[in-house]
Amino acid sequence: MERVRCAVVGMGIGKAQGRALARNPRAAVTALCDLDVPRMEELRAELPEPVKLYTDYHALAAGPEIDAIFVGTPNQLHVPVALAAVRAGKHVLCTKPLSDSETAARELVREAEAAGVVNMMSLSMRYDGRVQYLGGMTRRGDLGEIYYLRSRSVRRSGIPDWGAHFIRAGGGAFRDMGVHALDMAWWIAGCPEPVSVTGVAGAKFGPRGQGYWEYRSVTPELAAQYAADDYGAGLVRFANGAAIQIESFWASHQADEFQMEVFGTEGGAKLDPLTLYRTIEGRPADTVVRAPKQDGFDGVAEHFIACILDGAECQAPLRHGLTVQRMLEGVLESAATGREVALGVGR
Ligand SMILES: NC(=O)c1ccc[n+]([C@@H]2O[C@H](COP(=O)([O-])OP(=O)(O)OC[C@H]3O[C@@H](n4cnc5c(N)ncnc54)[C@H](O)[C@@H]3O)[C@@H](O)[C@H]2O)c1
């Protein structure tokens, strides 16, 4: 196989990931799938080669012109679409979060691994140049032992209003942006085993028709469908003694911020602007690093293709998505029960 023939399902984020796959010289986008044909036509017009359009993801999964499928549908449909892909023997690349529940996520990982296909999470923040830079440092041990991280996505007025799926059950702020903040911190920490989580969550703006994307007004009918969190926060403990403090707000009376701080025994770091905090000769030696430029979706595409064509070991398998799902569902469960949640497998 010289080039991987890729299909893209879901024309929202699928456009960004599809363009990145099409930019990769070792991949081609050969098929698109969505219920909305005009949305597919828009992406097709940008692509350099002939593209087949589908409205049924089961038919797409059976398509002989396809080696790999990117899943970019609403959260509630990630597992059904990805399962159809792996059952048809296609490699699968799934957007975040892996699923809308831990049980469904677990079933998908079991089947994908048994099928022997490449199965990878599309994590645009983990593959951001700054996060990759910090992950390289922590893997080399440059910051010593990583024992604590703070990671957060805070929006002033940023509840997505372009799809009711975001605010229905299985959506929510924590599964949307908390997952990015949690995944990148967990990956930088070296993917330790989570043991327990305590959290709070709720919906303070969305059900009241407030806090939507760029202060836009929404209809009372949309706001009435609100059945998810618009904020969530928690503390995850790991088997190695480390912890991550995590916060995700779709709306708040606070400044917009996407930030992470890393605490290591030999140095610390901050994501934005990318800053290293070290002590040299007993003095603070702090450096702002010129952030390496890498679009996250290009990084994802490059690694996915390398896993398929070169047999590279996948650095972001669906199994990672499952672990992050366990942690984030744990935050929501802890918020609902008012208790700390143990994260043993199969709980
Ligand atoms: N940085 C990132 O990685 C990133 C950014 C944004 C969104 N996302 C993820 O992408 C997913 C979708 O979010 P979005 O903003 O693109 O939403 P969206 O509403 O803009 O797009 C979803 C698309 O899926 C299509 N769709 C729905 N049901 C379908 C079906 N049965 N078959 C085929 N297509 C179907 C819809 O018609 C729509 O075009 C979410 O899970 C979200 O978390 C990831």
# chains A, B, ... in the order shown; residues from 1 in each chain; ligands from 1
call {"tool": "residues_near_ligand", "arguments": {"ligand": "ligand 1", "cutoff": "8 Å", "atoms": "only C-alpha atoms and all ligand atoms", "output": "number ranges by chain"}}
result
A: 9-14, 33-36, 39, 55-57, 72-78, 81, 95-97, 122-125, 160, 162-166, 175-177, 180, 297
call {"tool": "write_last_selection", "arguments": {"atoms": "N, CA, C and O atoms", "output": "compact mmCIF listing (two decimals), in the first residue's frame"}}
result
# COMPACT_ATOMS: atom_id res chain seq x y z
N VAL A 9 -15.99 10.70 8.44
CA VAL A 9 -17.40 10.70 8.82
C VAL A 9 -17.65 11.89 9.75
O VAL A 9 -17.00 12.00 10.80
N GLY A 10 -18.58 12.77 9.38
CA GLY A 10 -18.90 13.95 10.20
C GLY A 10 -18.18 15.17 9.67
O GLY A 10 -16.95 15.26 9.76
N MET A 11 -18.96 16.12 9.13
CA MET A 11 -18.36 17.25 8.42
C MET A 11 -18.18 18.50 9.27
O MET A 11 -18.08 19.61 8.76
N GLY A 12 -18.13 18.34 10.60
CA GLY A 12 -17.74 19.46 11.45
C GLY A 12 -16.23 19.38 11.61
O GLY A 12 -15.46 19.82 10.76
N ILE A 13 -15.78 18.73 12.67
CA ILE A 13 -14.35 18.58 12.90
C ILE A 13 -13.71 17.70 11.80
O ILE A 13 -12.50 17.78 11.56
N GLY A 14 -14.55 16.92 11.13
CA GLY A 14 -14.05 16.10 10.03
C GLY A 14 -13.41 16.92 8.93
O GLY A 14 -12.52 16.45 8.22
N CYS A 33 -18.69 10.97 4.60
CA CYS A 33 -20.01 10.51 5.03
C CYS A 33 -20.61 11.53 5.99
O CYS A 33 -19.94 11.97 6.94
N ASP A 34 -21.84 11.91 5.73
CA ASP A 34 -22.60 12.79 6.61
C ASP A 34 -24.06 12.69 6.21
O ASP A 34 -24.37 12.23 5.11
N LEU A 35 -24.95 13.10 7.11
CA LEU A 35 -26.37 13.15 6.76
C LEU A 35 -26.66 14.40 5.93
O LEU A 35 -27.67 14.47 5.24
N ASP A 36 -25.74 15.37 6.01
CA ASP A 36 -25.92 16.68 5.40
C ASP A 36 -25.07 16.73 4.12
O ASP A 36 -23.86 16.94 4.17
N ARG A 39 -22.90 19.90 3.24
CA ARG A 39 -21.66 20.00 4.03
C ARG A 39 -20.56 19.13 3.42
O ARG A 39 -19.39 19.49 3.41
N THR A 55 -24.23 8.64 2.84
CA THR A 55 -25.04 9.17 3.94
C THR A 55 -25.26 8.09 5.01
O THR A 55 -25.82 8.39 6.06
N ASP A 56 -24.81 6.86 4.73
CA ASP A 56 -25.00 5.76 5.68
C ASP A 56 -23.62 5.22 6.07
O ASP A 56 -22.89 4.71 5.22
N TYR A 57 -23.27 5.34 7.34
CA TYR A 57 -21.91 4.95 7.72
C TYR A 57 -21.68 3.44 7.63
O TYR A 57 -20.54 2.98 7.50
N GLY A 72 -15.82 11.49 13.16
CA GLY A 72 -15.97 12.86 13.66
C GLY A 72 -17.43 13.22 13.88
O GLY A 72 -17.82 14.38 13.73
N THR A 73 -18.24 12.23 14.22
CA THR A 73 -19.67 12.45 14.49
C THR A 73 -19.84 12.98 15.92
O THR A 73 -18.89 13.01 16.70
N PRO A 74 -21.06 13.34 16.33
CA PRO A 74 -21.30 13.70 17.73
C PRO A 74 -20.86 12.58 18.69
O PRO A 74 -20.87 11.39 18.31
N ASN A 75 -20.50 12.97 19.92
CA ASN A 75 -20.00 12.01 20.93
C ASN A 75 -20.83 10.73 20.98
O ASN A 75 -20.30 9.63 21.10
N GLN A 76 -22.16 10.90 20.93
CA GLN A 76 -23.08 9.78 21.14
C GLN A 76 -22.96 8.73 20.04
O GLN A 76 -23.45 7.61 20.20
N LEU A 77 -22.28 9.09 18.93
CA LEU A 77 -22.18 8.17 17.79
C LEU A 77 -20.74 7.70 17.52
O LEU A 77 -20.51 7.03 16.52
N HIS A 78 -19.80 8.07 18.37
CA HIS A 78 -18.42 7.65 18.10
C HIS A 78 -18.30 6.12 18.09
O HIS A 78 -17.71 5.54 17.18
N VAL A 81 -20.13 4.18 15.09
CA VAL A 81 -19.44 4.36 13.80
C VAL A 81 -18.08 3.64 13.83
O VAL A 81 -17.71 2.93 12.88
N THR A 95 -12.22 10.93 16.95
CA THR A 95 -12.08 12.20 17.65
C THR A 95 -12.36 12.01 19.14
O THR A 95 -12.83 10.95 19.58
N LYS A 96 -12.07 13.03 19.93
CA LYS A 96 -12.33 13.00 21.37
C LYS A 96 -13.75 13.43 21.66
O LYS A 96 -14.30 14.20 20.88
N PRO A 97 -14.35 13.01 22.77
CA PRO A 97 -13.92 11.92 23.66
C PRO A 97 -14.17 10.59 22.96
O PRO A 97 -14.91 10.53 21.98
N SER A 122 -7.79 10.82 17.74
CA SER A 122 -7.37 12.09 17.16
C SER A 122 -7.41 13.13 18.28
O SER A 122 -8.49 13.54 18.70
N LEU A 123 -6.24 13.50 18.77
CA LEU A 123 -6.14 14.42 19.91
C LEU A 123 -5.35 15.64 19.46
O LEU A 123 -4.12 15.65 19.51
N SER A 124 -6.08 16.66 19.00
CA SER A 124 -5.40 17.81 18.40
C SER A 124 -4.55 18.56 19.43
O SER A 124 -3.52 19.14 19.08
N MET A 125 -4.94 18.53 20.71
CA MET A 125 -4.10 19.23 21.71
C MET A 125 -2.87 18.40 22.07
O MET A 125 -1.80 18.96 22.23
N PRO A 160 -21.17 25.39 22.83
CA PRO A 160 -21.45 25.23 21.39
C PRO A 160 -22.95 25.25 21.14
O PRO A 160 -23.72 24.61 21.86
N TRP A 162 -24.15 24.96 17.77
CA TRP A 162 -24.40 24.55 16.39
C TRP A 162 -24.85 23.09 16.27
O TRP A 162 -24.93 22.55 15.18
N GLY A 163 -25.15 22.49 17.42
CA GLY A 163 -25.66 21.12 17.38
C GLY A 163 -26.21 20.79 18.76
O GLY A 163 -25.52 20.95 19.77
N ALA A 164 -27.49 20.34 18.84
CA ALA A 164 -28.08 20.03 20.14
C ALA A 164 -27.37 18.85 20.80
O ALA A 164 -27.46 18.67 22.02
N HIS A 165 -26.63 18.06 19.99
CA HIS A 165 -25.92 16.91 20.58
C HIS A 165 -24.94 17.34 21.66
O HIS A 165 -24.62 16.57 22.57
N PHE A 166 -24.43 18.58 21.58
CA PHE A 166 -23.45 19.03 22.57
C PHE A 166 -24.06 19.15 23.96
O PHE A 166 -23.37 18.95 24.95
N ARG A 175 -16.84 16.52 28.74
CA ARG A 175 -16.51 15.59 27.65
C ARG A 175 -16.01 16.33 26.41
O ARG A 175 -15.45 15.72 25.51
N ASP A 176 -16.25 17.65 26.36
CA ASP A 176 -15.82 18.42 25.19
C ASP A 176 -14.42 18.99 25.39
O ASP A 176 -13.50 18.66 24.66
N MET A 177 -14.25 19.85 26.39
CA MET A 177 -12.96 20.51 26.58
C MET A 177 -12.17 19.93 27.75
O MET A 177 -10.93 19.92 27.72
N HIS A 180 -9.69 17.39 26.58
CA HIS A 180 -8.41 17.89 26.04
C HIS A 180 -7.43 18.20 27.18
O HIS A 180 -6.26 17.83 27.15
N PHE A 297 -3.77 18.61 14.09
CA PHE A 297 -4.39 17.65 13.17
C PHE A 297 -3.37 17.09 12.18
O PHE A 297 -3.47 15.93 11.77
call {"tool": "select_by_dssp", "arguments": {"residues": "range 145-317 of chain A", "states": "strand (DSSP E or B)", "output": "VMD selection string"}}
result
chain A and resid 146 to 154 157 159 194 to 202 212 231 to 238 243 to 249 251 257 to 264 268 to 270 275 to 280 283 to 288 317
call {"tool": "residues_around", "arguments": {"residues": "Ala185 in chain A", "least_positions_apart": "6", "cutoff": "9 Å", "atoms": "only C-alpha atoms", "output": "PyMOL selection string"}}
result
chain A and resi 126+131+149-151+191+244+246+260-262
call {"tool": "residues_around", "arguments": {"residues": "Lys293 in chain A", "least_positions_apart": "6", "cutoff": "8 Å", "atoms": "only C-alpha atoms", "output": "list in words"}}
result
Asp128, Gly129 and Arg130 of chain A
call {"tool": "write_last_selection", "arguments": {"atoms": "N, CA and C atoms", "output": "mmCIF file, in the first residue's frame"}}
result
data_model
loop_
_atom_site.group_PDB
_atom_site.id
_atom_site.type_symbol
_atom_site.label_atom_id
_atom_site.label_comp_id
_atom_site.auth_asym_id
_atom_site.auth_seq_id
_atom_site.Cartn_x
_atom_site.Cartn_y
_atom_site.Cartn_z
ATOM 1 N N ASP A 128 -0.381 19.121 19.507
ATOM 2 C CA ASP A 128 0.046 20.516 19.397
ATOM 3 C C ASP A 128 1.563 20.555 19.651
ATOM 4 N N GLY A 129 2.280 21.412 18.914
ATOM 5 C CA GLY A 129 3.741 21.454 19.015
ATOM 6 C C GLY A 129 4.245 21.697 20.432
ATOM 7 N N ARG A 130 3.545 22.563 21.204
ATOM 8 C CA ARG A 130 4.004 22.881 22.567
ATOM 9 C C ARG A 130 3.852 21.676 23.488
#
call {"tool": "residues_around", "arguments": {"residues": "Gly344 in chain A", "least_positions_apart": "5", "cutoff": "12 Å", "atoms": "only C-alpha atoms", "output": "list in words"}}
result
Glu193, Pro194, Val195, Ser196, Val197, Phe238, Ala239, Thr323, Arg326, Met327 and Gly330 of chain A
call {"tool": "write_last_selection", "arguments": {"atoms": "C-alpha atoms", "output": "short mmCIF file (atom, residue, chain, number, x, y, z; two decimals), in the first residue's frame"}}
result
data_model
loop_
_atom_site.label_atom_id
_atom_site.label_comp_id
_atom_site.auth_asym_id
_atom_site.auth_seq_id
_atom_site.Cartn_x
_atom_site.Cartn_y
_atom_site.Cartn_z
CA GLU A 193 -2.52 4.56 36.22
CA PRO A 194 -5.44 6.52 37.76
CA VAL A 195 -6.73 5.17 41.08
CA SER A 196 -9.42 7.60 42.23
CA VAL A 197 -11.12 10.87 41.44
CA PHE A 238 -2.54 8.15 40.35
CA ALA A 239 -0.89 4.94 41.51
CA THR A 323 -8.40 5.62 30.40
CA ARG A 326 -12.66 6.47 33.01
CA MET A 327 -11.23 9.58 34.65
CA GLY A 330 -15.38 9.44 37.36
#
call {"tool": "residues_around", "arguments": {"residues": "Ala336 in chain A", "least_positions_apart": "3", "cutoff": "10 Å", "atoms": "only C-alpha atoms", "output": "list of chain:residue names"}}
result
A:Gly199, A:Val200, A:Ala201, A:Gly202, A:Gly330, A:Val331, A:Leu332, A:Glu333, A:Arg339
call {"tool": "closest_residue", "arguments": {"among": "A:Ala243, A:Leu182, A:Met40, A:Ala61", "to": "Gly264 in chain A", "atoms": "only C-alpha atoms"}}
result
A:Ala243
call {"tool": "residues_around", "arguments": {"residues": "range 300-315 of chain A", "least_positions_apart": "6", "cutoff": "12 Å", "atoms": "only C-alpha atoms", "output": "number ranges by chain"}}
result
A: 1-6, 16-29, 67-70, 90-95, 113, 116-129, 132, 135, 187, 190-191, 294, 321
call {"tool": "select_by_dssp", "arguments": {"residues": "range 164-288 of chain A", "states": "helix (DSSP H, G or I)", "output": "ChimeraX atom specification"}}
result
/A:164-166,173-188,206-208,213-215,220-223
call {"tool": "atom_distance", "arguments": {"atom1": "CA of Arg216 in chain A", "atom2": "CA of Gly170 in chain A"}}
result
22.8 Å
call {"tool": "atom_distance", "arguments": {"atom1": "CA of Ala62 in chain A", "atom2": "CA of Gly299 in chain A"}}
result
27.5 Å
call {"tool": "decode", "arguments": {"residues": "range 186-197 of chain A", "atoms": "N, CA, C and O atoms", "output": "PDB file, in the first residue's frame"}}
result
ATOM      1  N   TRP A 186      -2.329  14.248  31.419  1.00  0.00           N
ATOM      2  CA  TRP A 186      -2.065  12.823  31.710  1.00  0.00           C
ATOM      3  C   TRP A 186      -0.927  12.305  30.836  1.00  0.00           C
ATOM      4  O   TRP A 186      -0.048  11.579  31.299  1.00  0.00           O
ATOM      5  N   TRP A 187      -0.919  12.719  29.560  1.00  0.00           N
ATOM      6  CA  TRP A 187       0.134  12.258  28.645  1.00  0.00           C
ATOM      7  C   TRP A 187       1.493  12.849  29.056  1.00  0.00           C
ATOM      8  O   TRP A 187       2.497  12.143  29.095  1.00  0.00           O
ATOM      9  N   ILE A 188       1.502  14.132  29.421  1.00  0.00           N
ATOM     10  CA  ILE A 188       2.758  14.761  29.847  1.00  0.00           C
ATOM     11  C   ILE A 188       3.267  14.123  31.144  1.00  0.00           C
ATOM     12  O   ILE A 188       4.470  13.993  31.355  1.00  0.00           O
ATOM     13  N   ALA A 189       2.331  13.676  31.976  1.00  0.00           N
ATOM     14  CA  ALA A 189       2.726  13.008  33.229  1.00  0.00           C
ATOM     15  C   ALA A 189       3.269  11.604  32.973  1.00  0.00           C
ATOM     16  O   ALA A 189       3.730  10.942  33.915  1.00  0.00           O
ATOM     17  N   GLY A 190       3.200  11.114  31.729  1.00  0.00           N
ATOM     18  CA  GLY A 190       3.714   9.779  31.414  1.00  0.00           C
ATOM     19  C   GLY A 190       2.644   8.701  31.466  1.00  0.00           C
ATOM     20  O   GLY A 190       2.970   7.521  31.621  1.00  0.00           O
ATOM     21  N   CYS A 191       1.366   9.085  31.370  1.00  0.00           N
ATOM     22  CA  CYS A 191       0.236   8.134  31.356  1.00  0.00           C
ATOM     23  C   CYS A 191       0.218   7.216  32.584  1.00  0.00           C
ATOM     24  O   CYS A 191       0.144   5.989  32.456  1.00  0.00           O
ATOM     25  N   PRO A 192       0.287   7.788  33.792  1.00  0.00           N
ATOM     26  CA  PRO A 192       0.209   6.937  34.999  1.00  0.00           C
ATOM     27  C   PRO A 192      -1.172   6.320  35.157  1.00  0.00           C
ATOM     28  O   PRO A 192      -2.140   6.790  34.567  1.00  0.00           O
ATOM     29  N   GLU A 193      -1.254   5.278  35.994  1.00  0.00           N
ATOM     30  CA  GLU A 193      -2.521   4.564  36.220  1.00  0.00           C
ATOM     31  C   GLU A 193      -3.378   5.350  37.218  1.00  0.00           C
ATOM     32  O   GLU A 193      -2.971   5.556  38.366  1.00  0.00           O
ATOM     33  N   PRO A 194      -4.585   5.787  36.817  1.00  0.00           N
ATOM     34  CA  PRO A 194      -5.438   6.518  37.765  1.00  0.00           C
ATOM     35  C   PRO A 194      -6.044   5.569  38.795  1.00  0.00           C
ATOM     36  O   PRO A 194      -6.414   4.439  38.453  1.00  0.00           O
ATOM     37  N   VAL A 195      -6.140   6.021  40.044  1.00  0.00           N
ATOM     38  CA  VAL A 195      -6.731   5.168  41.078  1.00  0.00           C
ATOM     39  C   VAL A 195      -8.034   5.720  41.650  1.00  0.00           C
ATOM     40  O   VAL A 195      -8.912   4.958  42.038  1.00  0.00           O
ATOM     41  N   SER A 196      -8.166   7.051  41.696  1.00  0.00           N
ATOM     42  CA  SER A 196      -9.422   7.595  42.231  1.00  0.00           C
ATOM     43  C   SER A 196      -9.596   9.029  41.768  1.00  0.00           C
ATOM     44  O   SER A 196      -8.642   9.680  41.329  1.00  0.00           O
ATOM     45  N   VAL A 197     -10.831   9.501  41.881  1.00  0.00           N
ATOM     46  CA  VAL A 197     -11.118  10.869  41.439  1.00  0.00           C
ATOM     47  C   VAL A 197     -12.224  11.444  42.314  1.00  0.00           C
ATOM     48  O   VAL A 197     -13.123  10.727  42.760  1.00  0.00           O
TER      49      VAL A 197
END
